[in-house]
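Structure file input_5.pdb (PDB, C-alpha atoms and all ligand atoms) follows.
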MODEL        1
ATOM      1  CA  MET H   1    -103.033  17.893 -65.906
ATOM      2  CA  ASN H   2    -101.143  19.675 -63.181
ATOM      3  CA  ASP H   3    -103.203  18.273 -60.286
ATOM      4  CA  ARG H   4    -102.440  14.700 -61.347
ATOM      5  CA  LEU H   5    -101.087  12.639 -58.443
ATOM      6  CA  PRO H   6     -98.072  10.388 -58.904
ATOM      7  CA  ILE H   7     -98.608   6.929 -57.408
ATOM      8  CA  LEU H   8     -95.326   5.019 -57.669
ATOM      9  CA  ASP H   9     -94.642   4.873 -61.408
ATOM     10  CA  ILE H  10     -97.987   6.016 -62.801
ATOM     11  CA  TRP H  11    -100.529   8.713 -62.007
ATOM     12  CA  VAL H  12    -104.136   9.193 -61.057
ATOM     13  CA  ASP H  13    -106.456  12.156 -61.492
ATOM     14  CA  PRO H  14    -107.955  13.081 -58.123
ATOM     15  CA  VAL H  15    -111.504  13.436 -59.408
ATOM     16  CA  SER H  16    -114.910  12.628 -58.003
ATOM     17  CA  ARG H  17    -117.494  11.038 -60.285
ATOM     18  CA  GLU H  18    -119.083  14.437 -60.915
ATOM     19  CA  GLU H  19    -115.731  16.084 -61.684
ATOM     20  CA  ALA H  20    -114.803  13.270 -64.038
ATOM     21  CA  LEU H  21    -118.113  13.728 -65.845
ATOM     22  CA  GLN H  22    -117.507  17.453 -66.070
ATOM     23  CA  ARG H  23    -114.165  16.727 -67.737
ATOM     24  CA  VAL H  24    -115.955  14.488 -70.222
ATOM     25  CA  ARG H  25    -118.384  17.333 -70.959
ATOM     26  CA  ASP H  26    -115.442  19.688 -71.507
ATOM     27  CA  PHE H  27    -113.717  17.214 -73.825
ATOM     28  CA  LEU H  28    -116.932  16.906 -75.825
ATOM     29  CA  LYS H  29    -117.577  20.615 -75.968
ATOM     30  CA  HIS H  30    -114.204  22.217 -76.500
ATOM     31  CA  GLY H  31    -112.037  19.421 -77.780
ATOM     32  CA  ASP H  32    -110.808  19.324 -81.334
ATOM     33  CA  ARG H  33    -109.195  15.924 -80.860
ATOM     34  CA  PRO H  34    -109.935  12.604 -79.150
ATOM     35  CA  HIS H  35    -109.232  12.484 -75.399
ATOM     36  CA  ALA H  36    -108.298   9.184 -73.807
ATOM     37  CA  ILE H  37    -109.695   7.937 -70.517
ATOM     38  CA  PHE H  38    -107.846   5.003 -68.977
ATOM     39  CA  ALA H  39    -107.883   3.288 -65.592
ATOM     40  CA  ALA H  40    -105.234   3.593 -62.883
ATOM     41  CA  ASN H  41    -105.038   0.524 -60.644
ATOM     42  CA  PRO H  42    -102.365  -1.671 -59.030
ATOM     43  CA  GLU H  43    -102.101  -3.950 -62.072
ATOM     44  CA  LYS H  44    -101.219  -0.952 -64.222
ATOM     45  CA  GLU H  45     -98.505   0.046 -61.737
ATOM     46  CA  PHE H  46     -96.570  -2.932 -63.044
ATOM     47  CA  SER H  47     -97.629  -3.261 -66.688
ATOM     48  CA  VAL H  48     -97.333   0.432 -67.626
ATOM     49  CA  PRO H  49     -93.720   1.184 -66.555
ATOM     50  CA  ALA H  50     -92.584  -2.113 -68.073
ATOM     51  CA  ASP H  51     -93.779  -1.143 -71.552
ATOM     52  CA  PRO H  52     -92.484   2.190 -72.936
ATOM     53  CA  GLU H  53     -95.266   2.435 -75.523
ATOM     54  CA  LEU H  54     -97.956   1.869 -72.897
ATOM     55  CA  TYR H  55     -96.188   4.298 -70.564
ATOM     56  CA  GLN H  56     -96.416   6.997 -73.222
ATOM     57  CA  CYS H  57    -100.158   6.273 -73.665
ATOM     58  CA  TYR H  58    -100.714   6.737 -69.933
ATOM     59  CA  ARG H  59     -98.596   9.890 -69.841
ATOM     60  CA  ASP H  60    -100.640  11.386 -72.672
ATOM     61  CA  ALA H  61    -104.069  10.304 -71.367
ATOM     62  CA  ALA H  62    -106.604  13.071 -70.725
ATOM     63  CA  LEU H  63    -108.076  11.363 -67.665
ATOM     64  CA  LEU H  64    -106.750   8.557 -65.450
ATOM     65  CA  LEU H  65    -109.533   7.191 -63.269
ATOM     66  CA  PRO H  66    -109.001   6.025 -59.669
ATOM     67  CA  ASP H  67    -110.152   2.574 -60.758
ATOM     68  CA  GLY H  68    -108.994   0.458 -57.835
ATOM     69  CA  ILE H  69    -109.114   0.632 -54.054
ATOM     70  CA  GLY H  70    -105.313   0.188 -54.007
ATOM     71  CA  VAL H  71    -104.815   3.498 -55.790
ATOM     72  CA  VAL H  72    -107.358   5.208 -53.519
ATOM     73  CA  LEU H  73    -105.538   4.035 -50.384
ATOM     74  CA  ALA H  74    -102.162   4.948 -51.848
ATOM     75  CA  ALA H  75    -103.350   8.501 -52.632
ATOM     76  CA  ARG H  76    -104.449   8.843 -49.011
ATOM     77  CA  LEU H  77    -101.215   7.492 -47.585
ATOM     78  CA  LEU H  78     -98.733   9.202 -49.901
ATOM     79  CA  HIS H  79    -100.515  12.497 -50.567
ATOM     80  CA  GLY H  80    -103.143  12.828 -47.824
ATOM     81  CA  VAL H  81    -105.782  13.079 -50.576
ATOM     82  CA  ARG H  82    -109.166  11.441 -50.044
ATOM     83  CA  LEU H  83    -110.426   9.872 -53.246
ATOM     84  CA  HIS H  84    -113.402   7.666 -53.970
ATOM     85  CA  ARG H  85    -113.046   4.666 -56.174
ATOM     86  CA  LEU H  86    -114.311   5.316 -59.679
ATOM     87  CA  PRO H  87    -114.109   2.030 -61.575
ATOM     88  CA  GLY H  88    -113.904   2.359 -65.340
ATOM     89  CA  SER H  89    -116.545  -0.383 -65.583
ATOM     90  CA  GLU H  90    -119.022   1.924 -63.793
ATOM     91  CA  PHE H  91    -117.911   5.132 -65.434
ATOM     92  CA  LEU H  92    -118.926   3.675 -68.813
ATOM     93  CA  PHE H  93    -122.536   3.815 -67.585
ATOM     94  CA  ASP H  94    -122.107   7.394 -66.372
ATOM     95  CA  ILE H  95    -120.839   8.366 -69.814
ATOM     96  CA  CYS H  96    -123.775   6.594 -71.475
ATOM     97  CA  GLN H  97    -126.195   8.463 -69.241
ATOM     98  CA  LEU H  98    -124.521  11.764 -70.083
ATOM     99  CA  ALA H  99    -124.525  10.892 -73.801
ATOM    100  CA  GLU H 100    -128.225  10.054 -73.662
ATOM    101  CA  ALA H 101    -129.085  13.244 -71.792
ATOM    102  CA  GLU H 102    -126.937  15.519 -73.940
ATOM    103  CA  GLY H 103    -127.431  13.836 -77.316
ATOM    104  CA  HIS H 104    -123.976  12.458 -78.118
ATOM    105  CA  ALA H 105    -123.640   9.359 -80.289
ATOM    106  CA  ILE H 106    -121.465   6.431 -79.166
ATOM    107  CA  PHE H 107    -119.564   3.664 -80.982
ATOM    108  CA  VAL H 108    -118.703   0.388 -79.219
ATOM    109  CA  PHE H 109    -115.585  -1.427 -80.456
ATOM    110  CA  GLY H 110    -114.254  -4.578 -78.856
ATOM    111  CA  ALA H 111    -114.912  -8.034 -77.369
ATOM    112  CA  LYS H 112    -116.246 -11.086 -79.170
ATOM    113  CA  GLU H 113    -119.014 -10.583 -81.713
ATOM    114  CA  GLU H 114    -121.838 -11.997 -79.589
ATOM    115  CA  VAL H 115    -120.619 -10.192 -76.446
ATOM    116  CA  ASN H 116    -120.389  -6.922 -78.351
ATOM    117  CA  SER H 117    -123.834  -7.205 -79.905
ATOM    118  CA  ARG H 118    -125.456  -8.301 -76.616
ATOM    119  CA  SER H 119    -123.745  -5.422 -74.770
ATOM    120  CA  VAL H 120    -125.001  -2.903 -77.290
ATOM    121  CA  ALA H 121    -128.532  -4.309 -76.970
ATOM    122  CA  GLN H 122    -128.285  -4.094 -73.157
ATOM    123  CA  LEU H 123    -127.048  -0.495 -73.270
ATOM    124  CA  GLN H 124    -129.875   0.422 -75.627
ATOM    125  CA  ARG H 125    -132.395  -1.182 -73.249
ATOM    126  CA  HIS H 126    -130.911   0.703 -70.278
ATOM    127  CA  TYR H 127    -130.721   4.017 -72.125
ATOM    128  CA  PRO H 128    -133.523   4.056 -74.703
ATOM    129  CA  GLY H 129    -132.633   7.565 -75.870
ATOM    130  CA  LEU H 130    -128.928   6.780 -76.347
ATOM    131  CA  ARG H 131    -127.742   7.048 -79.942
ATOM    132  CA  ILE H 132    -125.585   4.006 -80.631
ATOM    133  CA  ALA H 133    -124.126   4.977 -83.959
ATOM    134  CA  GLY H 134    -122.203   1.770 -84.552
ATOM    135  CA  ARG H 135    -120.421  -1.227 -83.137
ATOM    136  CA  ALA H 136    -117.694  -3.677 -84.114
ATOM    137  CA  ASN H 137    -116.228  -6.730 -82.441
ATOM    138  CA  GLY H 138    -112.607  -6.532 -81.328
ATOM    139  CA  TYR H 139    -111.212  -9.044 -83.784
ATOM    140  CA  VAL H 140    -110.934  -6.840 -86.863
ATOM    141  CA  PRO H 141    -107.931  -7.907 -88.987
ATOM    142  CA  ASP H 142    -105.255  -5.235 -89.473
ATOM    143  CA  GLU H 143    -105.968  -4.968 -93.174
ATOM    144  CA  GLU H 144    -109.588  -4.004 -92.394
ATOM    145  CA  MET H 145    -108.731  -1.382 -89.784
ATOM    146  CA  ALA H 146    -108.840   1.527 -92.234
ATOM    147  CA  LEU H 147    -112.368   0.485 -93.167
ATOM    148  CA  LEU H 148    -113.373   0.379 -89.513
ATOM    149  CA  ILE H 149    -111.985   3.871 -88.919
ATOM    150  CA  GLU H 150    -114.010   5.046 -91.912
ATOM    151  CA  ARG H 151    -117.146   3.489 -90.378
ATOM    152  CA  ILE H 152    -116.463   5.173 -87.027
ATOM    153  CA  ASN H 153    -115.976   8.541 -88.720
ATOM    154  CA  GLU H 154    -119.059   8.151 -90.901
ATOM    155  CA  SER H 155    -121.116   7.237 -87.829
ATOM    156  CA  LYS H 156    -120.266  10.690 -86.419
ATOM    157  CA  ALA H 157    -119.868   9.156 -82.970
ATOM    158  CA  ALA H 158    -118.470  11.563 -80.370
ATOM    159  CA  ILE H 159    -117.691   8.822 -77.854
ATOM    160  CA  LEU H 160    -115.849   5.573 -78.520
ATOM    161  CA  PHE H 161    -115.709   2.712 -76.049
ATOM    162  CA  LEU H 162    -112.627   0.583 -76.658
ATOM    163  CA  ALA H 163    -112.949  -2.893 -75.191
ATOM    164  CA  LEU H 164    -109.835  -4.616 -76.521
ATOM    165  CA  GLY H 165    -108.151  -5.333 -73.170
ATOM    166  CA  SER H 166    -104.922  -3.733 -72.008
ATOM    167  CA  PRO H 167    -102.444  -2.871 -73.511
ATOM    168  CA  ARG H 168    -104.141  -3.525 -76.870
ATOM    169  CA  GLN H 169    -106.728  -0.750 -76.435
ATOM    170  CA  GLU H 170    -104.214   1.897 -75.340
ATOM    171  CA  LYS H 171    -101.902   1.072 -78.237
ATOM    172  CA  TRP H 172    -104.814   1.049 -80.677
ATOM    173  CA  PHE H 173    -105.691   4.544 -79.506
ATOM    174  CA  ALA H 174    -102.115   5.779 -79.872
ATOM    175  CA  ALA H 175    -101.902   4.401 -83.400
ATOM    176  CA  HIS H 176    -105.286   5.618 -84.644
ATOM    177  CA  ARG H 177    -106.126   8.777 -82.693
ATOM    178  CA  GLY H 178    -105.053  11.019 -85.561
ATOM    179  CA  MET H 179    -107.510   9.315 -87.939
ATOM    180  CA  LEU H 180    -110.604   9.786 -85.776
ATOM    181  CA  SER H 181    -112.433  12.830 -87.090
ATOM    182  CA  THR H 182    -115.563  13.129 -84.919
ATOM    183  CA  VAL H 183    -114.668  11.167 -81.777
ATOM    184  CA  ARG H 184    -113.776  13.408 -78.834
ATOM    185  CA  VAL H 185    -113.794  10.911 -75.964
ATOM    186  CA  VAL H 186    -112.318   7.412 -75.988
ATOM    187  CA  GLN H 187    -112.655   5.243 -72.911
ATOM    188  CA  GLY H 188    -110.579   2.066 -72.619
ATOM    189  CA  VAL H 189    -112.979  -0.308 -70.879
ATOM    190  CA  GLY H 190    -110.969  -3.554 -70.945
ATOM    191  CA  GLY H 191    -113.142  -6.574 -70.304
ATOM    192  CA  THR H 192    -116.211  -4.579 -69.205
ATOM    193  CA  LEU H 193    -118.357  -5.719 -72.132
ATOM    194  CA  ASP H 194    -117.925  -9.275 -70.880
ATOM    195  CA  THR H 195    -119.751  -8.215 -67.713
ATOM    196  CA  ILE H 196    -122.496  -6.429 -69.688
ATOM    197  CA  GLY H 197    -123.166  -8.834 -72.520
ATOM    198  CA  GLY H 198    -121.095 -11.882 -71.665
ATOM    199  CA  ASN H 199    -120.924 -14.525 -69.011
ATOM    200  CA  VAL H 200    -118.698 -12.703 -66.531
ATOM    201  CA  ARG H 201    -120.667 -11.445 -63.522
ATOM    202  CA  ARG H 202    -119.663  -8.290 -61.700
ATOM    203  CA  ALA H 203    -119.361  -8.776 -57.951
ATOM    204  CA  PRO H 204    -122.613  -8.398 -56.016
ATOM    205  CA  GLU H 205    -123.039  -5.087 -54.214
ATOM    206  CA  PHE H 206    -121.809  -6.363 -50.838
ATOM    207  CA  TRP H 207    -118.345  -7.163 -52.270
ATOM    208  CA  CYS H 208    -118.131  -3.840 -54.100
ATOM    209  CA  ARG H 209    -119.223  -1.879 -51.027
ATOM    210  CA  HIS H 210    -116.439  -3.460 -49.002
ATOM    211  CA  ASN H 211    -113.859  -2.952 -51.751
ATOM    212  CA  LEU H 212    -113.538  -6.694 -52.233
ATOM    213  CA  GLU H 213    -114.479  -6.950 -55.885
ATOM    214  CA  TRP H 214    -110.981  -8.265 -56.643
ATOM    215  CA  LEU H 215    -111.495 -11.124 -54.153
ATOM    216  CA  TYR H 216    -114.888 -12.003 -55.627
ATOM    217  CA  ARG H 217    -113.405 -12.158 -59.123
ATOM    218  CA  LEU H 218    -110.620 -14.340 -57.803
ATOM    219  CA  THR H 219    -113.093 -16.859 -56.357
ATOM    220  CA  LYS H 220    -114.938 -16.949 -59.704
ATOM    221  CA  GLU H 221    -111.885 -17.003 -61.959
ATOM    222  CA  PRO H 222    -109.004 -18.594 -60.008
ATOM    223  CA  LYS H 223    -106.724 -18.206 -63.023
ATOM    224  CA  ARG H 224    -106.728 -14.457 -62.319
ATOM    225  CA  VAL H 225    -104.413 -15.222 -59.390
ATOM    226  CA  LYS H 226    -101.510 -14.655 -61.797
ATOM    227  CA  ARG H 227    -102.715 -11.097 -62.412
ATOM    228  CA  GLN H 228    -103.713 -10.388 -58.838
ATOM    229  CA  LYS H 229    -100.449 -11.421 -57.294
ATOM    230  CA  VAL H 230     -99.398  -7.856 -58.015
ATOM    231  CA  LEU H 231    -101.690  -6.642 -55.207
ATOM    232  CA  PRO H 232     -99.451  -7.593 -52.246
ATOM    233  CA  LEU H 233     -96.406  -6.411 -54.200
ATOM    234  CA  PHE H 234     -98.120  -3.080 -54.803
ATOM    235  CA  ALA H 235     -99.011  -2.778 -51.091
ATOM    236  CA  LEU H 236     -95.390  -3.459 -50.165
ATOM    237  CA  ARG H 237     -94.046  -0.834 -52.552
ATOM    238  CA  ILE H 238     -96.503   1.765 -51.254
ATOM    239  CA  LEU H 239     -95.535   0.967 -47.678
ATOM    240  CA  LYS H 240     -91.858   1.286 -48.564
ATOM    241  CA  GLN H 241     -92.396   4.667 -50.167
ATOM    242  CA  TRP H 242     -94.492   5.854 -47.225
ATOM    243  CA  LEU H 243     -91.793   4.792 -44.750
ATOM    244  CA  SER H 244     -89.082   6.499 -46.755
ATOM    245  CA  MET H 245     -91.183   9.712 -46.907
ATOM    246  CA  LYS H 246     -91.624   9.554 -43.128
ATOM    247  CA  ALA H 247     -87.902   8.954 -42.611
ATOM    248  CA  THR H 248     -87.040  11.933 -44.851
ATOM    249  CA  ARG H 249     -89.378  14.133 -42.808
ATOM    250  CA  VAL H 250     -87.740  13.047 -39.543
ATOM    251  CA  VAL H 251     -84.239  13.676 -40.936
ATOM    252  CA  ASN H 252     -85.283  17.122 -42.216
ATOM    253  CA  ARG H 253     -86.525  18.063 -38.752
ATOM    254  CA  PHE H 254     -82.993  17.781 -37.326
TER     255      PHE H 254
HETATM  256  N1  LIG X   1    -110.313  -8.595 -76.949
HETATM  257  C1  LIG X   1    -110.624  -8.055 -78.189
HETATM  258  N2  LIG X   1    -109.735  -8.201 -79.221
HETATM  259  C2  LIG X   1    -108.555  -8.871 -79.087
HETATM  260  C3  LIG X   1    -108.236  -9.403 -77.801
HETATM  261  C4  LIG X   1    -109.138  -9.228 -76.745
HETATM  262  O1  LIG X   1    -111.677  -7.442 -78.354
HETATM  263  O2  LIG X   1    -107.806  -8.966 -80.061
HETATM  264  C5  LIG X   1    -111.287  -8.434 -75.868
HETATM  265  C6  LIG X   1    -111.710  -9.737 -75.212
HETATM  266  O3  LIG X   1    -112.729 -10.361 -75.969
HETATM  267  C7  LIG X   1    -112.185  -9.254 -73.846
HETATM  268  C8  LIG X   1    -111.261  -8.067 -73.586
HETATM  269  O4  LIG X   1    -110.686  -7.700 -74.821
HETATM  270  O5  LIG X   1    -113.513  -8.809 -73.953
HETATM  271  C9  LIG X   1    -110.102  -8.376 -72.605
HETATM  272  O6  LIG X   1    -110.584  -8.494 -71.362
HETATM  273  P1  LIG X   1    -109.605  -8.480 -70.088
HETATM  274  O7  LIG X   1    -110.456  -8.716 -68.888
HETATM  275  O8  LIG X   1    -108.445  -9.372 -70.332
HETATM  276  O9  LIG X   1    -109.078  -6.978 -70.153
HETATM  277  P2  LIG X   1    -108.642  -5.986 -68.989
HETATM  278  O10 LIG X   1    -109.942  -5.475 -68.388
HETATM  279  O11 LIG X   1    -107.841  -6.753 -68.010
HETATM  280  O12 LIG X   1    -107.875  -4.939 -69.722
ENDMDL
END
When written as structure tokens, how does the structure in this file appear?
Amino acid sequence: MNDRLPILDIWVDPVSREEALQRVRDFLKHGDRPHAIFAANPEKEFSVPADPELYQCYRDAALLLPDGIGVVLAARLLHGVRLHRLPGSEFLFDICQLAEAEGHAIFVFGAKEEVNSRSVAQLQRHYPGLRIAGRANGYVPDEEMALLIERINESKAAILFLALGSPRQEKWFAAHRGMLSTVRVVQGVGGTLDTIGGNVRRAPEFWCRHNLEWLYRLTKEPKRVKRQKVLPLFALRILKQWLSMKATRVVNRF
């Protein structure tokens, strides 16, 4: 993607919700291979460059969503590009709506058995016309993976939601993409099924509207503090890069 924006050590695709959906349509229509959709957010700024295999998965992804407000602000500051947040956890619903309207079958792989089956039931309730061609929990032993791939292929699903958490889902995709015969779109949705069919609540609208979903989650799951400590570090690195860009511009003027 040549319009992909670099944000520190990873990238983001500067797409609106509608443009992202159009890309999904294109992947479904013209693609002869699975296309990966992953999320770009401050957490990934640290985990992706630290893991060469994960870095390769991000480099090869077909679409990197502006998943977090941090990435949106960074795009504005570093590139002067106005983006809107497009969380992967919401984009899953957009894809389901598109799949229902345009007749594409989905397969849902990941999370604990009861979370997976409840999520699938919820999605079916939300989108009665959606073809859910199959589902599997995310704890399939390695020796049964070939069988699972066979099930996915036989289901003829065009869209696969991978809910194995990061980096497991990205690495699963890298290892198995060549074996998927009908799937054209794979979205890594992390822990999203836990918010659909599990006990994890998404932040109420007020928190989302004010870009404070991260703070809400922190109050509900204080052990996330370990993961969210990257936020101030990310802000600092962005500020440093912005200052050095400004300094370079001043020097170039003389
Ligand atoms: N998970 C899974 N298989 C595994 C390990 C984890 O399906 O072998 C699921 C787990 O049940 C949870 C999700 O992956 O639903 C991880 O959620 P988390 O919030 O940690 O992921 P993130 O959104 O941060 O990538």
Expected answer as a list in words: residues within 6 Å of ligand LIG 1 (chain X), all atoms listed in the file: Gly110, Ala111, Lys112, Gly138, Tyr139, Ala163, Leu164, Gly165, Ser166, Gly190, Gly191 and Asp194 of chain H
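Checking H:Val225, H:Leu28, H:Glu150, H:Thr219 one by one against Trp207 (chain H), counting all atoms listed in the file, you find the shortest gap at H:Thr219.
Counting all atoms listed in the file, the residue from H:Val24, H:Leu65, H:Leu231, H:Val81 that sits nearest to Trp214 (chain H) is H:Leu231.
Within 8 Å of region 45-54 of chain H, once all atoms listed in the file are used and residues closer than 3 positions along the same chain are dropped, the contacting residues are Leu8, Asp9, Ile10, Ala40, Asn41, Pro42, Cys57, Tyr58, Pro167, Glu170, Lys171, Val230 and Phe234 of chain H.
With only C-alpha atoms as the atoms that count, the minimum distance from Asn199 (chain H) to the choices H:Ala105, H:Leu215, H:Val115, H:Leu233 is reached by H:Val115.
Interatomic distance, CA of Arg151 (chain H) to CA of Glu90 (chain H): 26.7 Å.
In terms of minimum interatomic distance to Ser155 (chain H), H:Ile106 ranks closest within H:Leu5, H:Ile106, H:Thr192, H:Glu143, counting all atoms listed in the file.
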Selection under test: the PyMOL selection byres (((chain H and resi 86) around 9) and not hetatm); residues as a ChimeraX atom specification: /H:15-17,39,65-69,83-85,87-91
Who sits within 12 Å of Ser181 (chain H), all atoms listed in the file, same chain under 3 positions skipped, as an NGL selection string: :H and (31-34 or 149-160 or 176-178 or 184-185)
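In this model, the gap between CA of Arg217 (chain H) and CA of Val140 (chain H) comes to 28.4 Å.
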Nearby residues, (-111.6, 1.6, -74.2) file frame, 6 Å, only C-alpha atoms, as a VMD selection string: chain H and resid 161 to 163 169 187 to 189
Selection result of the PyMOL selection byres (((chain H and resi 238) around 9) and not hetatm) on this file, as a PyMOL selection string: chain H and resi 7-8+74+77-78+233-237+239-243
